[in-house]
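Student: Pasting a structure below so you can have a look.
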Amino acid sequence: DTIMVPVSAVKKTGISDLLEMILLVAEVQDLKANPNRPALGTIVEAELDKGKGPVATVLVQNGTLRIGDSILAGTAYGKVRAMTNDRGEKVKKAGPATPVEVIGLSDVPQAGDVLAVLDEKTARSIAEKRLAKTKAEAVAQAQKVTLEDLFQQIQAGEIKDLNLLVKADVQGSIEALRQSLENLKNKEVRVIIVHSGVGAINESDVMLASASNALIIGFNVRPDANARKAAEMEKVDIRTYRVIYDAINDVEAAMTGMLAPEFREVLQGRVEVRQVFNIPKGVVAGSYVQEGKITSTSQIRLLRNGIVIYEGKLESLRRFKDDVKEVAAGYECGITLEKYRDIKEGDIVEAFIMEQIPR
């Protein structure tokens, strides 16, 4: 019943056959869509862009989506302000089977949400009701928990539910994390995702985690300065990861009492990129140390809008024309990253070291 087509991106074979078979199936099954009705589609991916705001990739499945249409997707609503097709071209309308990037939603929708064109008042009303229901389900008071003491609390019968708050760089990553974490099974405890969202971990996330006794799991994102201070005050455990399986393994190990971390990350300082200089050998970031310090041996990660875009080492650290071993808060410096050039003004460089936990 199902046509199979072998394809290879490496050898660049089978694509034309695949397209032919798709057209054949559509013709045989008489698959059609009505372009002359309000659009209905599915959110494929969504993210928060610093310049554009919430940006959603939509696959229009029925009807035609036009600039100015009032739209609803999950708990997000708004008007279509701009649309871009898969070639990066601005378009004014998108018909059935057309993927477009849509700007104009009030918030970042979930991947898989249905996007529908409605009148503005109805869209706003439905979105607000959905949001209120989501928030009501998220908040539940309890004592604080960390991954390290999770198993002891399970053994003592204090925990039946492990609440997690998940933040990631894009919506697709959240869905992958969410499904994998919720599938973790244990006789004593179940995993509940109290909230998930796209973008950097902020103070509001920490306060919600504190109120709902949740751990914060961050994938490719970092807490901002206010969030770190709030987490220390509220005793909220924030875990950040670059690999999804590491996050899943840590939570699973904590649930079964096998978590034995050997190293922990110690943040040394935060540095703001204020000017970028192109030189023949690469790119130098003229930077200002906002807090702590940065050393020539520090491990570093480059953040843009709270999202991790590079992790590695420094190639050089300079004050004026001299190589230095350390630059403290309140001083300027020049930074070159090892094998990385895509640095922009406003980026944040975090300097950290991995410290062995004493047994």
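Chain identifiers are assigned as A, B, and so on, following the order in which chains appear in the structure tokens; residues are numbered from 1 within each chain, and ligands are numbered from 1 in order of appearance.
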Could you pull the residues within 9 Å of Asp113 in chain A, counting only C-alpha atoms, minus those fewer than 5 positions along the same chain, as a PDB file with all heavy atoms, in the first residue's frame?
Tutor:
```pdb
ATOM      1  N   GLY A  41      -3.397  25.542   8.811  1.00  0.00           N
ATOM      2  CA  GLY A  41      -2.080  24.931   8.624  1.00  0.00           C
ATOM      3  C   GLY A  41      -1.513  24.421   9.933  1.00  0.00           C
ATOM      4  O   GLY A  41      -2.193  24.419  10.959  1.00  0.00           O
ATOM      5  N   THR A  42      -0.254  23.985   9.897  1.00  0.00           N
ATOM      6  CA  THR A  42       0.408  23.436  11.085  1.00  0.00           C
ATOM      7  C   THR A  42       1.737  24.144  11.316  1.00  0.00           C
ATOM      8  O   THR A  42       2.483  24.404  10.365  1.00  0.00           O
ATOM      9  CB  THR A  42       0.657  21.923  10.901  1.00  0.00           C
ATOM     10  OG1 THR A  42      -0.607  21.278  10.685  1.00  0.00           O
ATOM     11  CG2 THR A  42       1.307  21.324  12.128  1.00  0.00           C
ATOM     12  N   ILE A  43       2.016  24.453  12.588  1.00  0.00           N
ATOM     13  CA  ILE A  43       3.308  25.039  12.961  1.00  0.00           C
ATOM     14  C   ILE A  43       4.359  23.929  12.903  1.00  0.00           C
ATOM     15  O   ILE A  43       4.264  22.939  13.623  1.00  0.00           O
ATOM     16  CB  ILE A  43       3.265  25.641  14.385  1.00  0.00           C
ATOM     17  CG1 ILE A  43       2.150  26.681  14.519  1.00  0.00           C
ATOM     18  CG2 ILE A  43       4.623  26.242  14.746  1.00  0.00           C
ATOM     19  CD1 ILE A  43       2.326  27.934  13.714  1.00  0.00           C
ATOM     20  N   VAL A  44       5.356  24.103  12.049  1.00  0.00           N
ATOM     21  CA  VAL A  44       6.425  23.113  11.905  1.00  0.00           C
ATOM     22  C   VAL A  44       7.556  23.407  12.892  1.00  0.00           C
ATOM     23  O   VAL A  44       8.130  22.514  13.510  1.00  0.00           O
ATOM     24  CB  VAL A  44       6.978  23.105  10.458  1.00  0.00           C
ATOM     25  CG1 VAL A  44       8.105  22.105  10.315  1.00  0.00           C
ATOM     26  CG2 VAL A  44       5.865  22.793   9.483  1.00  0.00           C
ATOM     27  N   ALA A  73      -2.700  30.317  16.965  1.00  0.00           N
ATOM     28  CA  ALA A  73      -1.923  29.076  16.985  1.00  0.00           C
ATOM     29  C   ALA A  73      -1.631  28.737  18.440  1.00  0.00           C
ATOM     30  O   ALA A  73      -0.791  29.379  19.072  1.00  0.00           O
ATOM     31  CB  ALA A  73      -0.623  29.228  16.199  1.00  0.00           C
ATOM     32  N   GLY A  74      -2.341  27.764  19.002  1.00  0.00           N
ATOM     33  CA  GLY A  74      -2.152  27.407  20.406  1.00  0.00           C
ATOM     34  C   GLY A  74      -2.555  28.563  21.316  1.00  0.00           C
ATOM     35  O   GLY A  74      -3.683  29.054  21.259  1.00  0.00           O
TER      36      GLY A  74
END
```
Student: Quick check, in Å to one decimal: how far apart do CA of Leu177 in chain A and CA of Arg239 in chain A lie?
Tutor: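 CA of Arg239 in chain A lies 13.4 Å from CA of Leu177 in chain A.
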Student: Interatomic distance between CA of Asp49 in chain A and CA of Asn226 in chain A?
Tutor: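 Straight-line distance from CA of Asp49 in chain A to CA of Asn226 in chain A works out to 20.5 Å.
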Student: Please provide as a PDB file with N, CA and C atoms, in the first residue's frame all residues within 8 Å of range 292-301 of chain A, with the sequence filter that same-chain residues fewer than 2 positions apart are discarded (counting only C-alpha atoms).
Tutor:
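That gives us selection26.pdb:
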```
ATOM      1  N   GLN A 268      33.140  31.930  35.689  1.00  0.00           N
ATOM      2  CA  GLN A 268      34.166  32.880  36.094  1.00  0.00           C
ATOM      3  C   GLN A 268      33.753  34.327  35.825  1.00  0.00           C
ATOM      4  N   GLY A 269      33.152  34.567  34.666  1.00  0.00           N
ATOM      5  CA  GLY A 269      32.782  35.944  34.342  1.00  0.00           C
ATOM      6  C   GLY A 269      31.950  36.052  33.083  1.00  0.00           C
ATOM      7  N   ARG A 270      31.392  37.251  32.886  1.00  0.00           N
ATOM      8  CA  ARG A 270      30.605  37.559  31.685  1.00  0.00           C
ATOM      9  C   ARG A 270      31.232  38.756  30.988  1.00  0.00           C
ATOM     10  N   VAL A 271      31.376  38.634  29.674  1.00  0.00           N
ATOM     11  CA  VAL A 271      32.046  39.660  28.880  1.00  0.00           C
ATOM     12  C   VAL A 271      31.123  40.072  27.738  1.00  0.00           C
ATOM     13  N   VAL A 289      34.573  43.467  30.229  1.00  0.00           N
ATOM     14  CA  VAL A 289      34.258  42.463  31.250  1.00  0.00           C
ATOM     15  C   VAL A 289      33.222  43.054  32.209  1.00  0.00           C
ATOM     16  N   GLN A 290      32.003  42.533  32.174  1.00  0.00           N
ATOM     17  CA  GLN A 290      30.913  43.069  32.997  1.00  0.00           C
ATOM     18  C   GLN A 290      30.982  42.598  34.438  1.00  0.00           C
ATOM     19  N   LEU A 303      27.116  33.609  23.580  1.00  0.00           N
ATOM     20  CA  LEU A 303      25.663  33.678  23.646  1.00  0.00           C
ATOM     21  C   LEU A 303      25.148  34.818  22.781  1.00  0.00           C
ATOM     22  N   VAL A 308      23.037  29.677  23.110  1.00  0.00           N
ATOM     23  CA  VAL A 308      24.431  29.279  22.894  1.00  0.00           C
ATOM     24  C   VAL A 308      24.665  29.021  21.408  1.00  0.00           C
ATOM     25  N   ILE A 309      25.615  29.774  20.821  1.00  0.00           N
ATOM     26  CA  ILE A 309      25.899  29.542  19.398  1.00  0.00           C
ATOM     27  C   ILE A 309      27.311  28.984  19.182  1.00  0.00           C
ATOM     28  N   TYR A 310      28.146  29.013  20.237  1.00  0.00           N
ATOM     29  CA  TYR A 310      29.500  28.448  20.121  1.00  0.00           C
ATOM     30  C   TYR A 310      30.004  28.104  21.513  1.00  0.00           C
ATOM     31  N   GLU A 311      30.707  26.989  21.617  1.00  0.00           N
ATOM     32  CA  GLU A 311      31.365  26.624  22.872  1.00  0.00           C
ATOM     33  C   GLU A 311      32.748  26.096  22.539  1.00  0.00           C
ATOM     34  N   GLY A 312      33.752  26.608  23.209  1.00  0.00           N
ATOM     35  CA  GLY A 312      35.116  26.186  22.898  1.00  0.00           C
ATOM     36  C   GLY A 312      36.146  26.890  23.762  1.00  0.00           C
ATOM     37  N   LYS A 313      37.261  27.293  23.113  1.00  0.00           N
ATOM     38  CA  LYS A 313      38.361  27.912  23.856  1.00  0.00           C
ATOM     39  C   LYS A 313      38.745  29.250  23.230  1.00  0.00           C
ATOM     40  N   LEU A 314      39.517  30.032  23.993  1.00  0.00           N
ATOM     41  CA  LEU A 314      40.067  31.284  23.481  1.00  0.00           C
ATOM     42  C   LEU A 314      41.318  31.000  22.669  1.00  0.00           C
ATOM     43  N   SER A 316      43.170  33.861  21.734  1.00  0.00           N
ATOM     44  CA  SER A 316      44.026  34.877  22.352  1.00  0.00           C
ATOM     45  C   SER A 316      43.198  35.806  23.227  1.00  0.00           C
ATOM     46  N   LEU A 317      43.849  36.355  24.242  1.00  0.00           N
ATOM     47  CA  LEU A 317      43.251  37.344  25.142  1.00  0.00           C
ATOM     48  C   LEU A 317      44.245  38.487  25.272  1.00  0.00           C
ATOM     49  N   VAL A 324      47.638  38.777  27.554  1.00  0.00           N
ATOM     50  CA  VAL A 324      47.546  38.748  29.018  1.00  0.00           C
ATOM     51  C   VAL A 324      46.932  37.423  29.465  1.00  0.00           C
ATOM     52  N   LYS A 325      47.131  37.098  30.742  1.00  0.00           N
ATOM     53  CA  LYS A 325      46.598  35.847  31.280  1.00  0.00           C
ATOM     54  C   LYS A 325      45.198  36.029  31.859  1.00  0.00           C
ATOM     55  N   GLU A 326      44.871  37.297  32.251  1.00  0.00           N
ATOM     56  CA  GLU A 326      43.598  37.517  32.937  1.00  0.00           C
ATOM     57  C   GLU A 326      43.150  38.966  32.778  1.00  0.00           C
ATOM     58  N   VAL A 327      41.839  39.162  32.633  1.00  0.00           N
ATOM     59  CA  VAL A 327      41.262  40.509  32.603  1.00  0.00           C
ATOM     60  C   VAL A 327      40.078  40.519  33.573  1.00  0.00           C
ATOM     61  N   ALA A 328      40.077  41.485  34.495  1.00  0.00           N
ATOM     62  CA  ALA A 328      39.058  41.540  35.542  1.00  0.00           C
ATOM     63  C   ALA A 328      37.888  42.432  35.139  1.00  0.00           C
ATOM     64  N   ALA A 329      36.819  42.410  35.955  1.00  0.00           N
ATOM     65  CA  ALA A 329      35.618  43.217  35.709  1.00  0.00           C
ATOM     66  C   ALA A 329      35.959  44.697  35.665  1.00  0.00           C
ATOM     67  N   VAL A 349      30.033  36.757  26.034  1.00  0.00           N
ATOM     68  CA  VAL A 349      30.966  35.646  26.187  1.00  0.00           C
ATOM     69  C   VAL A 349      30.980  35.247  27.663  1.00  0.00           C
ATOM     70  N   GLU A 350      30.653  33.997  27.943  1.00  0.00           N
ATOM     71  CA  GLU A 350      30.733  33.480  29.309  1.00  0.00           C
ATOM     72  C   GLU A 350      32.014  32.684  29.462  1.00  0.00           C
ATOM     73  N   ALA A 351      32.798  33.032  30.504  1.00  0.00           N
ATOM     74  CA  ALA A 351      34.026  32.297  30.804  1.00  0.00           C
ATOM     75  C   ALA A 351      33.743  31.363  31.977  1.00  0.00           C
ATOM     76  N   PHE A 352      34.156  30.090  31.860  1.00  0.00           N
ATOM     77  CA  PHE A 352      33.900  29.143  32.940  1.00  0.00           C
ATOM     78  C   PHE A 352      34.987  28.091  32.999  1.00  0.00           C
ATOM     79  N   ILE A 353      35.044  27.377  34.110  1.00  0.00           N
ATOM     80  CA  ILE A 353      35.948  26.250  34.257  1.00  0.00           C
ATOM     81  C   ILE A 353      35.140  25.077  34.799  1.00  0.00           C
TER      82      ILE A 353
END
```
Student: Please identify the alpha helix (DSSP H) residues within range 232-288 of chain A (assignment by DSSP from backbone atoms) and present them as a PyMOL selection string.
Tutor: chain A and resi 232-234+244-255
Student: Save out the residues we just selected, N, CA, C and O atoms, as a JSON list (two decimals), in the first residue's frame.
Tutor:
```json
[["chain", "number", "residue", "atom", "x", "y", "z"],
["A", 232, "GLU", "N", 19.86, 31.43, 42.87],
["A", 232, "GLU", "CA", 20.63, 31.28, 44.11],
["A", 232, "GLU", "C", 19.77, 31.59, 45.33],
["A", 232, "GLU", "O", 19.81, 30.88, 46.34],
["A", 233, "MET", "N", 18.97, 32.65, 45.24],
["A", 233, "MET", "CA", 18.11, 33.05, 46.36],
["A", 233, "MET", "C", 17.00, 32.02, 46.61],
["A", 233, "MET", "O", 16.71, 31.68, 47.75],
["A", 234, "GLU", "N", 16.41, 31.52, 45.52],
["A", 234, "GLU", "CA", 15.27, 30.62, 45.64],
["A", 234, "GLU", "C", 15.68, 29.15, 45.73],
["A", 234, "GLU", "O", 14.84, 28.28, 45.86],
["A", 244, "ILE", "N", 20.89, 16.58, 23.89],
["A", 244, "ILE", "CA", 19.62, 16.17, 24.50],
["A", 244, "ILE", "C", 19.77, 14.90, 25.33],
["A", 244, "ILE", "O", 19.23, 14.79, 26.43],
["A", 245, "TYR", "N", 20.57, 13.93, 24.83],
["A", 245, "TYR", "CA", 20.70, 12.66, 25.55],
["A", 245, "TYR", "C", 21.36, 12.85, 26.91],
["A", 245, "TYR", "O", 21.08, 12.09, 27.84],
["A", 246, "ASP", "N", 22.24, 13.84, 27.05],
["A", 246, "ASP", "CA", 22.85, 14.11, 28.36],
["A", 246, "ASP", "C", 21.80, 14.51, 29.38],
["A", 246, "ASP", "O", 21.83, 14.10, 30.53],
["A", 247, "ALA", "N", 20.86, 15.36, 28.95],
["A", 247, "ALA", "CA", 19.77, 15.80, 29.85],
["A", 247, "ALA", "C", 18.91, 14.61, 30.26],
["A", 247, "ALA", "O", 18.59, 14.43, 31.45],
["A", 248, "ILE", "N", 18.55, 13.78, 29.29],
["A", 248, "ILE", "CA", 17.69, 12.61, 29.57],
["A", 248, "ILE", "C", 18.41, 11.64, 30.51],
["A", 248, "ILE", "O", 17.83, 11.15, 31.48],
["A", 249, "ASN", "N", 19.70, 11.39, 30.22],
["A", 249, "ASN", "CA", 20.47, 10.45, 31.05],
["A", 249, "ASN", "C", 20.62, 10.95, 32.48],
["A", 249, "ASN", "O", 20.55, 10.16, 33.43],
["A", 250, "ASP", "N", 20.84, 12.26, 32.65],
["A", 250, "ASP", "CA", 20.98, 12.82, 34.00],
["A", 250, "ASP", "C", 19.71, 12.66, 34.81],
["A", 250, "ASP", "O", 19.74, 12.28, 35.98],
["A", 251, "VAL", "N", 18.57, 12.97, 34.20],
["A", 251, "VAL", "CA", 17.29, 12.86, 34.91],
["A", 251, "VAL", "C", 17.00, 11.39, 35.24],
["A", 251, "VAL", "O", 16.59, 11.05, 36.35],
["A", 252, "GLU", "N", 17.25, 10.51, 34.27],
["A", 252, "GLU", "CA", 17.00, 9.09, 34.49],
["A", 252, "GLU", "C", 17.90, 8.53, 35.59],
["A", 252, "GLU", "O", 17.46, 7.77, 36.45],
["A", 253, "ALA", "N", 19.19, 8.95, 35.56],
["A", 253, "ALA", "CA", 20.13, 8.50, 36.59],
["A", 253, "ALA", "C", 19.73, 8.99, 37.97],
["A", 253, "ALA", "O", 19.83, 8.27, 38.97],
["A", 254, "ALA", "N", 19.24, 10.24, 38.04],
["A", 254, "ALA", "CA", 18.79, 10.79, 39.33],
["A", 254, "ALA", "C", 17.59, 10.02, 39.86],
["A", 254, "ALA", "O", 17.47, 9.77, 41.06],
["A", 255, "MET", "N", 16.68, 9.63, 38.97],
["A", 255, "MET", "CA", 15.48, 8.89, 39.37],
["A", 255, "MET", "C", 15.81, 7.50, 39.90],
["A", 255, "MET", "O", 15.12, 6.96, 40.75]]
```
Student: Check range 181-221 of chain A with DSSP on the backbone and list each residue it calls strand (DSSP E), as an MDAnalysis selection string.
Tutor: chainID A and resid 190:198 214:219
Student: Limited to C-alpha atoms, could you put the picked residues into a file as a CSV table (one decimal), in the first residue's frame?
Tutor:
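Everything below was put into result.csv:
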```
chain,number,residue,atom,x,y,z
A,190,ARG,CA,6.6,10.4,37.2
A,191,VAL,CA,8.0,13.3,35.2
A,192,ILE,CA,5.8,16.3,34.6
A,193,ILE,CA,6.7,19.2,32.4
A,194,VAL,CA,5.1,22.2,34.2
A,195,HIS,CA,6.2,24.8,31.5
A,196,SER,CA,8.3,24.9,28.3
A,197,GLY,CA,9.4,27.8,26.2
A,198,VAL,CA,11.8,29.2,23.6
A,214,ALA,CA,10.6,22.3,39.5
A,215,LEU,CA,14.1,21.7,38.1
A,216,ILE,CA,15.0,23.9,35.1
A,217,ILE,CA,16.4,22.1,32.1
A,218,GLY,CA,18.0,24.4,29.4
A,219,PHE,CA,19.0,23.1,26.0
```
Student: Find, counting only C-alpha atoms, the residue in A:Ala97, A:Ala39, A:Val7, A:Ala200 that gets nearest to Leu65 in chain A.
Tutor: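 For Leu65 in chain A, the nearest of the given residues is A:Ala39.
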Student: Give me the residues near Ile335 in chain A as a list in words, where near means some atom within 9 Å (using only C-alpha atoms) and where sequence neighbours in that chain fewer than 4 positions away do not count.
Tutor: Val273, Val283, Val284, Ala285, Gly286, Ser287, Leu314, Glu315, Ser316, Leu317 and Arg318 of chain A
Student: So which one's closest to Asn34 in chain A, A:Met354, A:Asn62, A:Leu18, A:Thr57? Using only C-alpha atoms, please.
Tutor: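 Closest residue, counting only C-alpha atoms: A:Asn62.
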Student: Find the residues around Ile103 in chain A up to 9 Å (only C-alpha atoms counted), leave out those fewer than 4 positions away in its own chain, and share them as a PyMOL selection string.
Tutor: chain A and resi 52-56+79-84
Student: Using only C-alpha atoms, determine which residues lie at most 8 Å from Asp347 in chain A, disregarding the query and same-chain residues fewer than 2 positions distant; provide the list as a list in words.
Tutor: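 Once the nearby chain positions are removed, what remains is Glu272, Val273, Leu302, Leu303, Arg304, Asn305, Ile343, Lys344, Glu345 and Val349 of chain A.
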Student: Identify which of the residues A:Arg242, A:Lys129, A:Arg37, A:Lys229 lies closest to Ala76 in chain A, counting only C-alpha atoms when measuring atom-to-atom distances.
Tutor: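 Going through A:Arg242, A:Lys129, A:Arg37, A:Lys229 one by one, the smallest distance to Ala76 in chain A is for A:Lys129.
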